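Listing of run36.pdb, PDB, C-alpha atoms and all ligand atoms
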```
ATOM      1  CA  MET A   1     -13.031   2.593  -1.736
ATOM      2  CA  ILE A   2     -10.058   4.978  -1.789
ATOM      3  CA  HIS A   3      -7.053   3.257  -3.354
ATOM      4  CA  HIS A   4      -4.558   6.058  -3.150
ATOM      5  CA  THR A   5      -4.494   9.803  -2.562
ATOM      6  CA  PRO A   6      -2.164  11.389  -5.111
ATOM      7  CA  VAL A   7       0.558  13.583  -3.616
ATOM      8  CA  LEU A   8       1.804  16.944  -4.886
ATOM      9  CA  LEU A   9      -0.883  16.680  -7.528
ATOM     10  CA  ASN A  10      -1.124  20.237  -8.889
ATOM     11  CA  GLU A  11       2.601  20.844  -8.488
ATOM     12  CA  SER A  12       3.377  17.752 -10.616
ATOM     13  CA  ILE A  13       0.994  18.565 -13.435
ATOM     14  CA  GLU A  14       1.893  22.298 -13.587
ATOM     15  CA  ASN A  15       5.503  21.317 -14.084
ATOM     16  CA  LEU A  16       4.914  18.419 -16.450
ATOM     17  CA  ILE A  17       2.763  19.850 -19.213
ATOM     18  CA  THR A  18       4.457  22.078 -21.775
ATOM     19  CA  ASP A  19       2.396  21.244 -24.865
ATOM     20  CA  LYS A  20      -1.287  20.366 -24.544
ATOM     21  CA  SER A  21      -1.162  18.352 -27.760
ATOM     22  CA  GLY A  22       2.067  16.564 -26.879
ATOM     23  CA  SER A  23       2.997  12.999 -25.910
ATOM     24  CA  TYR A  24       3.352  12.104 -22.242
ATOM     25  CA  PHE A  25       4.685   9.091 -20.349
ATOM     26  CA  GLU A  26       3.733   8.242 -16.778
ATOM     27  CA  GLY A  27       5.769   5.347 -15.389
ATOM     28  CA  THR A  28       3.735   4.698 -12.241
ATOM     29  CA  ILE A  29       0.029   5.149 -12.982
ATOM     30  CA  GLY A  30      -1.051   3.478  -9.715
ATOM     31  CA  PHE A  31      -4.732   4.258  -9.305
ATOM     32  CA  GLY A  32      -4.734   7.051 -11.827
ATOM     33  CA  GLY A  33      -4.862  10.103  -9.562
ATOM     34  CA  HIS A  34      -2.138  11.988 -11.416
ATOM     35  CA  THR A  35      -3.207  10.453 -14.723
ATOM     36  CA  GLU A  36      -6.672  11.939 -14.396
ATOM     37  CA  LEU A  37      -5.373  15.480 -13.917
ATOM     38  CA  ILE A  38      -2.771  15.103 -16.661
ATOM     39  CA  LEU A  39      -5.479  13.991 -19.097
ATOM     40  CA  SER A  40      -7.835  16.782 -18.119
ATOM     41  CA  ASN A  41      -5.081  19.258 -19.007
ATOM     42  CA  LEU A  42      -4.356  17.744 -22.424
ATOM     43  CA  ASP A  43      -6.151  18.344 -25.724
ATOM     44  CA  ALA A  44      -7.971  15.678 -27.733
ATOM     45  CA  ASP A  45      -4.991  15.143 -30.063
ATOM     46  CA  ALA A  46      -2.496  14.460 -27.238
ATOM     47  CA  LYS A  47      -1.069  11.010 -26.521
ATOM     48  CA  PHE A  48      -0.649   9.446 -23.079
ATOM     49  CA  ILE A  49       1.297   6.274 -22.298
ATOM     50  CA  GLY A  50       1.220   4.783 -18.798
ATOM     51  CA  THR A  51       2.866   1.817 -17.127
ATOM     52  CA  ASP A  52       2.570   0.063 -13.798
ATOM     53  CA  LYS A  53       4.184  -3.164 -12.672
ATOM     54  CA  ASP A  54       1.278  -3.917 -10.367
ATOM     55  CA  LEU A  55      -1.554  -5.860 -12.010
ATOM     56  CA  ASN A  56      -4.285  -4.438  -9.743
ATOM     57  CA  ALA A  57      -3.206  -0.886 -10.507
ATOM     58  CA  TYR A  58      -2.973  -1.564 -14.235
ATOM     59  CA  GLU A  59      -6.419  -3.208 -14.376
ATOM     60  CA  HIS A  60      -7.972  -0.429 -12.322
ATOM     61  CA  CYS A  61      -6.610   2.240 -14.702
ATOM     62  CA  LYS A  62      -7.406   0.184 -17.796
ATOM     63  CA  ASN A  63     -11.038   0.287 -16.723
ATOM     64  CA  LYS A  64     -10.993   3.877 -15.475
ATOM     65  CA  PHE A  65      -9.624   5.292 -18.760
ATOM     66  CA  ARG A  66     -11.156   2.735 -21.138
ATOM     67  CA  ASP A  67     -13.044   5.337 -23.195
ATOM     68  CA  ASP A  68     -10.159   7.749 -23.585
ATOM     69  CA  LYS A  69      -8.644   7.319 -27.048
ATOM     70  CA  ARG A  70      -5.484   9.226 -26.076
ATOM     71  CA  VAL A  71      -4.494   6.584 -23.516
ATOM     72  CA  GLU A  72      -2.413   3.413 -23.922
ATOM     73  CA  LEU A  73      -1.540   1.490 -20.774
ATOM     74  CA  TYR A  74       0.943  -1.303 -20.138
ATOM     75  CA  ASN A  75       1.326  -3.704 -17.222
ATOM     76  CA  ALA A  76       5.095  -3.266 -17.323
ATOM     77  CA  GLY A  77       8.033  -1.692 -15.540
ATOM     78  CA  PHE A  78       8.904   1.896 -16.423
ATOM     79  CA  THR A  79      12.309   0.779 -17.661
ATOM     80  CA  SER A  80      10.385  -0.454 -20.755
ATOM     81  CA  ILE A  81       9.941   3.195 -21.785
ATOM     82  CA  ILE A  82      12.068   2.934 -24.937
ATOM     83  CA  ASP A  83      10.525  -0.345 -26.134
ATOM     84  CA  ILE A  84       7.046   1.026 -25.517
ATOM     85  CA  SER A  85       7.797   4.309 -27.306
ATOM     86  CA  LYS A  86       8.789   2.247 -30.361
ATOM     87  CA  ILE A  87       5.618   0.150 -30.219
ATOM     88  CA  GLU A  88       3.592   3.372 -30.001
ATOM     89  CA  PHE A  89       5.586   5.097 -32.789
ATOM     90  CA  ILE A  90       6.489   7.930 -30.439
ATOM     91  CA  ASP A  91       9.878   9.383 -31.174
ATOM     92  CA  LYS A  92      10.062  11.721 -28.169
ATOM     93  CA  PHE A  93       7.864  12.571 -25.173
ATOM     94  CA  ASP A  94       7.057  16.150 -24.104
ATOM     95  CA  GLY A  95       6.871  15.143 -20.469
ATOM     96  CA  ILE A  96       7.832  12.102 -18.406
ATOM     97  CA  PHE A  97       6.515  11.559 -14.916
ATOM     98  CA  ALA A  98       7.042   9.032 -12.118
ATOM     99  CA  ASP A  99       5.604   8.973  -8.607
ATOM    100  CA  LEU A 100       7.843   6.323  -7.066
ATOM    101  CA  GLY A 101       7.265   3.704  -4.405
ATOM    102  CA  VAL A 102       4.030   1.950  -3.575
ATOM    103  CA  SER A 103       0.396   3.006  -3.437
ATOM    104  CA  SER A 104      -1.754   3.030  -0.325
ATOM    105  CA  PHE A 105      -3.699   0.174  -1.886
ATOM    106  CA  GLN A 106      -0.549  -1.968  -2.050
ATOM    107  CA  LEU A 107       0.318  -1.066   1.539
ATOM    108  CA  ASP A 108      -3.153  -1.645   2.955
ATOM    109  CA  ASN A 109      -4.381  -4.588   0.906
ATOM    110  CA  LYS A 110      -3.621  -7.908   2.603
ATOM    111  CA  ASP A 111      -3.251  -9.808  -0.663
ATOM    112  CA  SER A 112      -0.536  -7.465  -1.925
ATOM    113  CA  GLY A 113       1.809  -8.805   0.771
ATOM    114  CA  PHE A 114       3.363  -5.424   1.662
ATOM    115  CA  THR A 115       2.026  -4.759   5.128
ATOM    116  CA  PHE A 116       3.460  -5.536   8.555
ATOM    117  CA  ARG A 117       0.291  -4.383  10.242
ATOM    118  CA  GLU A 118      -1.353  -7.720   9.494
ATOM    119  CA  ASP A 119      -0.014 -11.239   9.223
ATOM    120  CA  VAL A 120       0.247 -11.832   5.460
ATOM    121  CA  GLN A 121       2.435 -13.838   3.099
ATOM    122  CA  LEU A 122       5.685 -11.897   2.963
ATOM    123  CA  ASP A 123       5.915 -11.051  -0.717
ATOM    124  CA  LEU A 124       6.713  -7.358  -1.367
ATOM    125  CA  ARG A 125       6.924  -7.769  -5.161
ATOM    126  CA  MET A 126       5.122  -5.175  -7.249
ATOM    127  CA  ASP A 127       4.980  -7.596 -10.164
ATOM    128  CA  LYS A 128       4.033 -10.949  -8.668
ATOM    129  CA  SER A 129       4.714 -12.758 -11.946
ATOM    130  CA  LYS A 130       8.457 -12.077 -11.828
ATOM    131  CA  GLY A 131      11.283 -12.920  -9.448
ATOM    132  CA  GLU A 132      10.876 -14.394  -5.975
ATOM    133  CA  PRO A 133       8.939 -13.135  -2.922
ATOM    134  CA  ALA A 134      10.806 -11.530  -0.009
ATOM    135  CA  SER A 135      10.310 -14.683   2.121
ATOM    136  CA  PHE A 136      12.390 -16.664  -0.388
ATOM    137  CA  PHE A 137      15.399 -14.379   0.134
ATOM    138  CA  LEU A 138      14.948 -14.167   3.902
ATOM    139  CA  ASN A 139      15.291 -17.941   4.101
ATOM    140  CA  LYS A 140      18.110 -18.232   1.591
ATOM    141  CA  ILE A 141      20.699 -15.491   1.661
ATOM    142  CA  SER A 142      23.605 -15.169   4.084
ATOM    143  CA  GLU A 143      23.667 -13.165   7.293
ATOM    144  CA  ASN A 144      26.169 -10.729   5.761
ATOM    145  CA  GLU A 145      23.994 -10.140   2.715
ATOM    146  CA  LEU A 146      20.933  -9.554   4.905
ATOM    147  CA  THR A 147      22.910  -7.105   7.050
ATOM    148  CA  ASP A 148      23.976  -5.226   3.914
ATOM    149  CA  ILE A 149      20.418  -5.048   2.573
ATOM    150  CA  PHE A 150      19.023  -3.689   5.856
ATOM    151  CA  PHE A 151      21.852  -1.194   6.171
ATOM    152  CA  LYS A 152      22.010  -0.045   2.557
ATOM    153  CA  TYR A 153      18.322   0.106   1.709
ATOM    154  CA  GLY A 154      16.792   0.680   5.148
ATOM    155  CA  GLU A 155      19.580   2.739   6.760
ATOM    156  CA  GLU A 156      18.890   0.565   9.822
ATOM    157  CA  ARG A 157      21.449   0.851  12.628
ATOM    158  CA  ASN A 158      20.607  -2.574  14.077
ATOM    159  CA  SER A 159      21.038  -4.331  10.725
ATOM    160  CA  LYS A 160      23.506  -6.907  12.011
ATOM    161  CA  LYS A 161      21.464  -7.783  15.060
ATOM    162  CA  ILE A 162      18.301  -8.193  13.001
ATOM    163  CA  ALA A 163      20.064 -10.311  10.355
ATOM    164  CA  GLN A 164      21.514 -12.512  13.115
ATOM    165  CA  ALA A 165      18.092 -12.980  14.712
ATOM    166  CA  ILE A 166      16.584 -13.945  11.346
ATOM    167  CA  CYS A 167      19.326 -16.497  10.716
ATOM    168  CA  THR A 168      18.890 -18.023  14.187
ATOM    169  CA  TYR A 169      15.107 -18.248  13.716
ATOM    170  CA  ARG A 170      15.351 -19.871  10.303
ATOM    171  CA  LEU A 171      17.524 -22.714  11.645
ATOM    172  CA  LYS A 172      14.258 -24.106  13.044
ATOM    173  CA  ASN A 173      11.480 -22.510  10.971
ATOM    174  CA  ARG A 174      11.008 -21.240   7.443
ATOM    175  CA  ILE A 175       9.912 -17.602   7.491
ATOM    176  CA  LYS A 176       6.735 -17.255   5.448
ATOM    177  CA  THR A 177       4.765 -14.311   6.768
ATOM    178  CA  SER A 178       5.125 -10.665   7.721
ATOM    179  CA  GLY A 179       3.929 -11.615  11.215
ATOM    180  CA  GLU A 180       6.858 -13.996  11.696
ATOM    181  CA  LEU A 181       9.360 -11.336  10.619
ATOM    182  CA  LYS A 182       7.679  -8.808  12.860
ATOM    183  CA  GLY A 183       7.822 -11.296  15.760
ATOM    184  CA  ILE A 184      11.580 -11.799  15.292
ATOM    185  CA  ILE A 185      12.244  -8.049  15.348
ATOM    186  CA  GLU A 186       9.790  -7.405  18.197
ATOM    187  CA  GLU A 187      11.808  -9.692  20.497
ATOM    188  CA  PHE A 188      14.543  -7.135  21.034
ATOM    189  CA  THR A 189      13.117  -3.811  19.809
ATOM    190  CA  PRO A 190      11.651  -1.414  22.387
ATOM    191  CA  GLU A 191       7.964  -0.773  21.723
ATOM    192  CA  ARG A 192       8.510   2.932  20.972
ATOM    193  CA  PHE A 193      10.983   2.146  18.146
ATOM    194  CA  LEU A 194       9.127  -0.843  16.724
ATOM    195  CA  ASN A 195       7.069   0.799  13.963
ATOM    196  CA  LYS A 196      10.019   2.816  12.639
ATOM    197  CA  THR A 197      12.280  -0.253  12.687
ATOM    198  CA  LEU A 198       9.684  -2.378  10.907
ATOM    199  CA  SER A 199       9.166   0.363   8.294
ATOM    200  CA  ARG A 200      12.909   0.483   7.607
ATOM    201  CA  ILE A 201      13.278  -3.307   7.371
ATOM    202  CA  PHE A 202      10.228  -3.723   5.123
ATOM    203  CA  GLN A 203      11.400  -0.807   2.974
ATOM    204  CA  ALA A 204      14.845  -2.406   2.639
ATOM    205  CA  LEU A 205      13.397  -5.763   1.599
ATOM    206  CA  ARG A 206      11.007  -4.105  -0.849
ATOM    207  CA  ILE A 207      13.785  -2.115  -2.503
ATOM    208  CA  PHE A 208      15.911  -5.257  -2.762
ATOM    209  CA  VAL A 209      13.172  -7.573  -4.054
ATOM    210  CA  ASN A 210      12.059  -5.089  -6.726
ATOM    211  CA  ASN A 211      15.574  -3.887  -7.569
ATOM    212  CA  GLU A 212      14.140  -0.406  -7.167
ATOM    213  CA  LEU A 213      17.278   1.732  -7.109
ATOM    214  CA  ASP A 214      18.943   0.149 -10.151
ATOM    215  CA  GLU A 215      15.661   0.387 -12.049
ATOM    216  CA  LEU A 216      15.309   4.044 -11.128
ATOM    217  CA  GLU A 217      18.791   4.811 -12.498
ATOM    218  CA  GLU A 218      18.048   2.873 -15.685
ATOM    219  CA  PHE A 219      14.714   4.643 -16.087
ATOM    220  CA  LEU A 220      16.184   8.137 -15.650
ATOM    221  CA  GLU A 221      18.895   7.466 -18.230
ATOM    222  CA  LYS A 222      16.375   6.087 -20.743
ATOM    223  CA  ALA A 223      13.852   8.837 -20.015
ATOM    224  CA  VAL A 224      16.332  11.592 -20.912
ATOM    225  CA  SER A 225      17.086   9.859 -24.203
ATOM    226  CA  VAL A 226      13.406   9.953 -25.251
ATOM    227  CA  LEU A 227      12.562  13.419 -23.927
ATOM    228  CA  ASN A 228      11.880  16.225 -26.398
ATOM    229  CA  LYS A 229      13.767  19.531 -26.265
ATOM    230  CA  ASN A 230      12.106  21.662 -23.545
ATOM    231  CA  GLY A 231      10.281  18.539 -22.309
ATOM    232  CA  LYS A 232      10.097  18.007 -18.545
ATOM    233  CA  LEU A 233      11.182  15.102 -16.379
ATOM    234  CA  VAL A 234       9.143  15.189 -13.151
ATOM    235  CA  ILE A 235       9.919  12.725 -10.358
ATOM    236  CA  ILE A 236       8.387  12.290  -6.895
ATOM    237  CA  THR A 237      10.458  10.321  -4.376
ATOM    238  CA  PHE A 238       9.595   9.106  -0.891
ATOM    239  CA  HIS A 239      12.925   8.420   0.775
ATOM    240  CA  SER A 240      16.431   9.787   0.791
ATOM    241  CA  LEU A 241      17.955   6.934  -1.229
ATOM    242  CA  GLU A 242      15.667   7.614  -4.180
ATOM    243  CA  ASP A 243      15.905  11.367  -3.837
ATOM    244  CA  ARG A 244      19.710  11.246  -3.837
ATOM    245  CA  ILE A 245      19.687   9.251  -7.078
ATOM    246  CA  VAL A 246      17.383  11.749  -8.801
ATOM    247  CA  LYS A 247      19.289  14.763  -7.458
ATOM    248  CA  ASN A 248      22.697  13.404  -8.507
ATOM    249  CA  PHE A 249      21.416  12.248 -11.869
ATOM    250  CA  PHE A 250      20.017  15.705 -12.663
ATOM    251  CA  LYS A 251      23.286  17.321 -11.539
ATOM    252  CA  GLU A 252      25.373  14.955 -13.661
ATOM    253  CA  LYS A 253      23.306  15.742 -16.767
ATOM    254  CA  THR A 254      23.800  19.491 -16.372
ATOM    255  CA  LYS A 255      27.584  19.209 -16.501
ATOM    256  CA  THR A 256      29.505  20.892 -19.288
ATOM    257  CA  CYS A 257      32.736  19.002 -18.566
ATOM    258  CA  ILE A 258      33.460  15.570 -17.101
ATOM    259  CA  CYS A 259      37.252  15.576 -17.591
ATOM    260  CA  PRO A 260      39.360  14.410 -14.607
ATOM    261  CA  PRO A 261      40.297  17.428 -12.440
ATOM    262  CA  GLU A 262      44.011  17.038 -13.245
ATOM    263  CA  TYR A 263      43.420  17.776 -16.955
ATOM    264  CA  PRO A 264      44.626  21.312 -17.695
ATOM    265  CA  VAL A 265      42.013  21.864 -20.413
ATOM    266  CA  CYS A 266      38.704  20.296 -21.242
ATOM    267  CA  VAL A 267      38.889  17.567 -23.867
ATOM    268  CA  CYS A 268      35.544  15.841 -23.258
ATOM    269  CA  GLU A 269      33.315  18.344 -25.049
ATOM    270  CA  THR A 270      30.384  17.222 -22.945
ATOM    271  CA  ILE A 271      27.074  18.735 -23.950
ATOM    272  CA  PRO A 272      24.707  19.222 -20.995
ATOM    273  CA  GLU A 273      21.393  17.456 -21.474
ATOM    274  CA  LEU A 274      19.296  18.921 -18.670
ATOM    275  CA  ARG A 275      18.540  22.164 -16.869
ATOM    276  CA  ILE A 276      17.433  21.790 -13.257
ATOM    277  CA  VAL A 277      14.085  23.545 -12.721
ATOM    278  CA  THR A 278      13.749  22.888  -8.978
ATOM    279  CA  LYS A 279      16.985  23.935  -7.247
ATOM    280  CA  LYS A 280      15.383  22.691  -4.050
ATOM    281  CA  PRO A 281      12.773  19.913  -4.205
ATOM    282  CA  ILE A 282       9.108  20.856  -3.924
ATOM    283  CA  GLU A 283       7.568  19.402  -0.751
ATOM    284  CA  PRO A 284       3.938  19.033   0.341
ATOM    285  CA  SER A 285       2.335  21.924   2.212
ATOM    286  CA  VAL A 286       1.413  21.625   5.892
ATOM    287  CA  GLU A 287      -2.205  21.392   4.741
ATOM    288  CA  GLU A 288      -1.492  18.467   2.396
ATOM    289  CA  ILE A 289       0.444  16.601   5.103
ATOM    290  CA  LYS A 290      -2.437  17.187   7.517
ATOM    291  CA  GLN A 291      -4.866  15.659   5.029
ATOM    292  CA  ASN A 292      -2.598  12.844   3.844
ATOM    293  CA  LYS A 293       0.060  11.755   6.327
ATOM    294  CA  ARG A 294       1.704   9.528   3.730
ATOM    295  CA  SER A 295       2.678  12.593   1.694
ATOM    296  CA  ARG A 296       5.030  13.856   4.417
ATOM    297  CA  SER A 297       8.240  12.416   2.970
ATOM    298  CA  ALA A 298       7.484  13.281  -0.676
ATOM    299  CA  LYS A 299       9.941  15.361  -2.691
ATOM    300  CA  LEU A 300       9.337  16.501  -6.247
ATOM    301  CA  ARG A 301      12.207  17.331  -8.580
ATOM    302  CA  VAL A 302      11.910  18.700 -12.083
ATOM    303  CA  ALA A 303      14.429  18.986 -14.911
ATOM    304  CA  GLU A 304      14.063  20.301 -18.456
ATOM    305  CA  LYS A 305      15.671  18.756 -21.536
ATOM    306  CA  LEU A 306      18.026  21.135 -23.328
TER
HETATM  307  C1  LIG B   1       2.936   5.988  -5.365
HETATM  308  S1  LIG B   1       2.148   4.868  -6.443
HETATM  309  C2  LIG B   1       1.563   5.874  -7.740
HETATM  310  C3  LIG B   1       0.240   6.462  -7.453
HETATM  311  C4  LIG B   1      -0.367   7.273  -8.577
HETATM  312  N1  LIG B   1       0.407   8.428  -8.892
HETATM  313  C5  LIG B   1      -1.792   7.649  -8.244
HETATM  314  O1  LIG B   1      -2.092   8.855  -8.163
HETATM  315  O2  LIG B   1      -2.636   6.760  -8.061
HETATM  316  C6  LIG B   1       3.493   4.077  -7.193
HETATM  317  C7  LIG B   1       3.104   3.055  -8.229
HETATM  318  O3  LIG B   1       4.280   2.780  -8.981
HETATM  319  C8  LIG B   1       4.330   1.419  -9.308
HETATM  320  N2  LIG B   1       5.729   1.131  -9.578
HETATM  321  C9  LIG B   1       6.767   1.164  -8.733
HETATM  322  N3  LIG B   1       7.913   0.887  -9.364
HETATM  323  C10 LIG B   1       7.592   0.701 -10.663
HETATM  324  C11 LIG B   1       8.348   0.391 -11.826
HETATM  325  N4  LIG B   1       9.664   0.191 -11.771
HETATM  326  N5  LIG B   1       7.698   0.304 -12.995
HETATM  327  C12 LIG B   1       6.349   0.479 -13.068
HETATM  328  N6  LIG B   1       5.585   0.739 -11.988
HETATM  329  C13 LIG B   1       6.198   0.852 -10.809
HETATM  330  C14 LIG B   1       3.725   0.734  -8.096
HETATM  331  O4  LIG B   1       3.224  -0.527  -8.444
HETATM  332  C15 LIG B   1       2.629   1.723  -7.688
HETATM  333  O5  LIG B   1       1.400   1.390  -8.264
END
```

Give the structure from the file, written as structure tokens.
Amino acid sequence: MIHHTPVLLNESIENLITDKSGSYFEGTIGFGGHTELILSNLDADAKFIGTDKDLNAYEHCKNKFRDDKRVELYNAGFTSIIDISKIEFIDKFDGIFADLGVSSFQLDNKDSGFTFREDVQLDLRMDKSKGEPASFFLNKISENELTDIFFKYGEERNSKKIAQAICTYRLKNRIKTSGELKGIIEEFTPERFLNKTLSRIFQALRIFVNNELDELEEFLEKAVSVLNKNGKLVIITFHSLEDRIVKNFFKEKTKTCICPPEYPVCVCETIPELRIVTKKPIEPSVEEIKQNKRSRSAKLRVAEKL
């Protein structure tokens, strides 16, 4: 059974590895596609730390790499990077990698509660042991908050209309499944726009439920603080909200001055922390997109620690 086809595989690993005997952190091991190639490019004395919030992914990788002494895996969020580096007695990593979002397994597996293609419990949490499922929020939060979530995280033009329809529906019924949410949206969405609208709404709820954008910002900040000089930070994003965060973060960390523009001379003495390696993001080739449609929105950005 194919769990996930890794995207931009060679491009990620070529950029990530600077020292074959170094220490590496992968925040989103998923089903180990990137992990496998990273490990095959590292020497026997290297160290590899991986995390994934999703229990299925963690257990799959735990089994897959069980005989590899270089590997330590954690069923944890990537924002634990500093705590984990301390547990592992790693002062600095030579490369840090994240392939954001969800795996094909999470999207396609009914029990993961991510899909709108089948009627499943509407959950959308990567770590099912923490927080509340998406259905909890859909039944609880105000129309204005729902509108904001759909607009901010899904860039959905009909956010207000959809939030209103949800609030009307829930006066009579509790929303429990993806099928119910789909049914509400289907009522007033033309067939040809339905899949795109559902993708945006499910994306918005997923980002909200998992606090994905705040966690990404926290991760990037922490990652830079535990990256070795000349070490690489390699990030794959799948939508514009994530990509913007990575792009702006990299830009911010290259600055030599952050004084307000009205200051006549620089007083901040800011020391840049990163050099941007990819002026433009690396995107999948036509061939890769043909073979794996889900890769089409991927963007890979790389920065080097100064
Ligand atoms: C696109 S998949 C990674 C696939 C992987 N590169 C492979 O080749 O199999 C993204 C993975 O990141 C995990 N994930 C997302 N956000 C996370 C976070 N904040 N911390 C840890 N894992 C996270 C998801 O559970 C999912 O397994």

On this file, the PyMOL selection byres (((chain A and resi 220-228) around 7) and not hetatm) gives some set of residues; write that set as a ChimeraX atom specification. /A:82,91-95,216-219,229-231,305

Let me have all residues with an atom within 7 Å of ligand LIG 1 (chain B), counting all atoms listed in the file, laid out as a ChimeraX atom specification. /A:4-6,27-35,51-54,57,76-79,99-103,126,212,215-216

Would you write out, as a list in words, every residue that the PyMOL selection byres (((chain A and resi 239) around 10) and not hetatm) captures in this file?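 Checked against the file, the PyMOL selection byres (((chain A and resi 239) around 10) and not hetatm) matches Leu100, Gly101, Tyr153, Gly154, Gln203, Ile236, Thr237, Phe238, Ser240, Leu241, Glu242, Asp243, Arg244, Ser297, Ala298 and Lys299 of chain A.
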
What is the atom CA of Glu304 of chain A-atom CA of Arg275 of chain A distance in Å, reported with one decimal?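 Distance between the two atoms: 5.1 Å.
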
Polymer residues at most 10 Å from segment 121-125 of chain A, all atoms listed in the file, same-chain spacing of 6 or more positions, as an mmCIF file with C-alpha atoms, in the coordinates of the input:
```
data_model
loop_
_atom_site.group_PDB
_atom_site.id
_atom_site.type_symbol
_atom_site.label_atom_id
_atom_site.label_comp_id
_atom_site.auth_asym_id
_atom_site.auth_seq_id
_atom_site.Cartn_x
_atom_site.Cartn_y
_atom_site.Cartn_z
ATOM 1 C CA LYS A 53 4.184 -3.164 -12.672
ATOM 2 C CA ASP A 54 1.278 -3.917 -10.367
ATOM 3 C CA VAL A 102 4.030 1.950 -3.575
ATOM 4 C CA GLN A 106 -0.549 -1.968 -2.050
ATOM 5 C CA LEU A 107 0.318 -1.066 1.539
ATOM 6 C CA LYS A 110 -3.621 -7.908 2.603
ATOM 7 C CA ASP A 111 -3.251 -9.808 -0.663
ATOM 8 C CA SER A 112 -0.536 -7.465 -1.925
ATOM 9 C CA GLY A 113 1.809 -8.805 0.771
ATOM 10 C CA PHE A 114 3.363 -5.424 1.662
ATOM 11 C CA THR A 115 2.026 -4.759 5.128
ATOM 12 C CA GLY A 131 11.283 -12.920 -9.448
ATOM 13 C CA GLU A 132 10.876 -14.394 -5.975
ATOM 14 C CA PRO A 133 8.939 -13.135 -2.922
ATOM 15 C CA ALA A 134 10.806 -11.530 -0.009
ATOM 16 C CA SER A 135 10.310 -14.683 2.121
ATOM 17 C CA PHE A 136 12.390 -16.664 -0.388
ATOM 18 C CA LEU A 138 14.948 -14.167 3.902
ATOM 19 C CA ILE A 175 9.912 -17.602 7.491
ATOM 20 C CA LYS A 176 6.735 -17.255 5.448
ATOM 21 C CA THR A 177 4.765 -14.311 6.768
ATOM 22 C CA SER A 178 5.125 -10.665 7.721
ATOM 23 C CA GLY A 179 3.929 -11.615 11.215
ATOM 24 C CA GLU A 180 6.858 -13.996 11.696
ATOM 25 C CA LEU A 181 9.360 -11.336 10.619
ATOM 26 C CA PHE A 202 10.228 -3.723 5.123
ATOM 27 C CA GLN A 203 11.400 -0.807 2.974
ATOM 28 C CA LEU A 205 13.397 -5.763 1.599
ATOM 29 C CA ARG A 206 11.007 -4.105 -0.849
ATOM 30 C CA ILE A 207 13.785 -2.115 -2.503
ATOM 31 C CA PHE A 208 15.911 -5.257 -2.762
ATOM 32 C CA VAL A 209 13.172 -7.573 -4.054
ATOM 33 C CA ASN A 210 12.059 -5.089 -6.726
ATOM 34 C CA ASN A 211 15.574 -3.887 -7.569
#
```

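Residue membership of the PyMOL selection byres (((chain A and resi 21) around 8) and not hetatm) in the shown file amounts to Asp19, Lys20, Gly22, Ser23, Leu42, Asp43, Ala44, Asp45, Ala46 and Lys47 of chain A.
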
Kindly give the distance, in Å, that separates atom CA of Glu273 of chain A and atom CA of Val246 of chain A, rounded to a single decimal.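 Computing the Euclidean distance for atom CA of Glu273 of chain A and atom CA of Val246 of chain A yields 14.5 Å.
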
Go ahead and find all residues with at least one atom no further than 10 Å from (20.3, -11.6, 0.6) in the file's coordinates, using all atoms listed in the file; report them as a compact mmCIF listing (two decimals) with C-alpha atoms, in the frame of the given file.
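Output contents, as saved in part21.txt:
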```
# COMPACT_ATOMS: atom_id res chain seq x y z
CA ALA A 134 10.81 -11.53 -0.01
CA PHE A 136 12.39 -16.66 -0.39
CA PHE A 137 15.40 -14.38 0.13
CA LEU A 138 14.95 -14.17 3.90
CA ASN A 139 15.29 -17.94 4.10
CA LYS A 140 18.11 -18.23 1.59
CA ILE A 141 20.70 -15.49 1.66
CA SER A 142 23.60 -15.17 4.08
CA GLU A 143 23.67 -13.16 7.29
CA ASN A 144 26.17 -10.73 5.76
CA GLU A 145 23.99 -10.14 2.72
CA LEU A 146 20.93 -9.55 4.90
CA THR A 147 22.91 -7.10 7.05
CA ASP A 148 23.98 -5.23 3.91
CA ILE A 149 20.42 -5.05 2.57
CA PHE A 150 19.02 -3.69 5.86
CA ALA A 163 20.06 -10.31 10.36
CA LEU A 205 13.40 -5.76 1.60
CA PHE A 208 15.91 -5.26 -2.76
CA VAL A 209 13.17 -7.57 -4.05
```

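Picture a line from atom CA of His60 of chain A to atom CA of His3 of chain A; it runs 9.7 Å.
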
Around all the atoms of segment 11-14 of chain A listed in the file, with 6 Å of room on each side, what axis-aligned box do you get, giving centre and edge lengths in Å to one decimal, as lines of an AutoDock Vina configuration file?
```
center_x = 2.2
center_y = 20.0
center_z = -11.0
size_x = 14.4
size_y = 16.5
size_z = 17.1
```

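Excluding segment 253-260 of chain A itself and any same-chain residue fewer than 4 positions from it, the protein and nucleic acid residues within 9 Å of it, counting all atoms listed in the file, are A:Asn248, A:Phe249, A:Val265, A:Cys266, A:Val267, A:Cys268, A:Glu269, A:Thr270, A:Ile271, A:Pro272, A:Glu273, A:Leu274, A:Arg275, A:Ile276.
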
With all atoms listed in the file as the counted atoms, please give the residues lying no more than 10 Å from Lys279 of chain A, apart from itself and same-chain residues fewer than 3 positions off, as a ChimeraX atom specification. /A:247,275-276,282,301-303

Taking 2 positions as the minimum chain separation for residues in the same chain, which residues sit within 9 Å of Asn41 of chain A when counting only C-alpha atoms? Answer as a PyMOL selection string. chain A and resi 13+17+20+36-39+43

Please save C-alpha atoms of the selected residues as a CSV table (one decimal), in the coordinates of the input.
```csv
chain,number,residue,atom,x,y,z
A,13,ILE,CA,1.0,18.6,-13.4
A,17,ILE,CA,2.8,19.8,-19.2
A,20,LYS,CA,-1.3,20.4,-24.5
A,36,GLU,CA,-6.7,11.9,-14.4
A,37,LEU,CA,-5.4,15.5,-13.9
A,38,ILE,CA,-2.8,15.1,-16.7
A,39,LEU,CA,-5.5,14.0,-19.1
A,43,ASP,CA,-6.2,18.3,-25.7
```
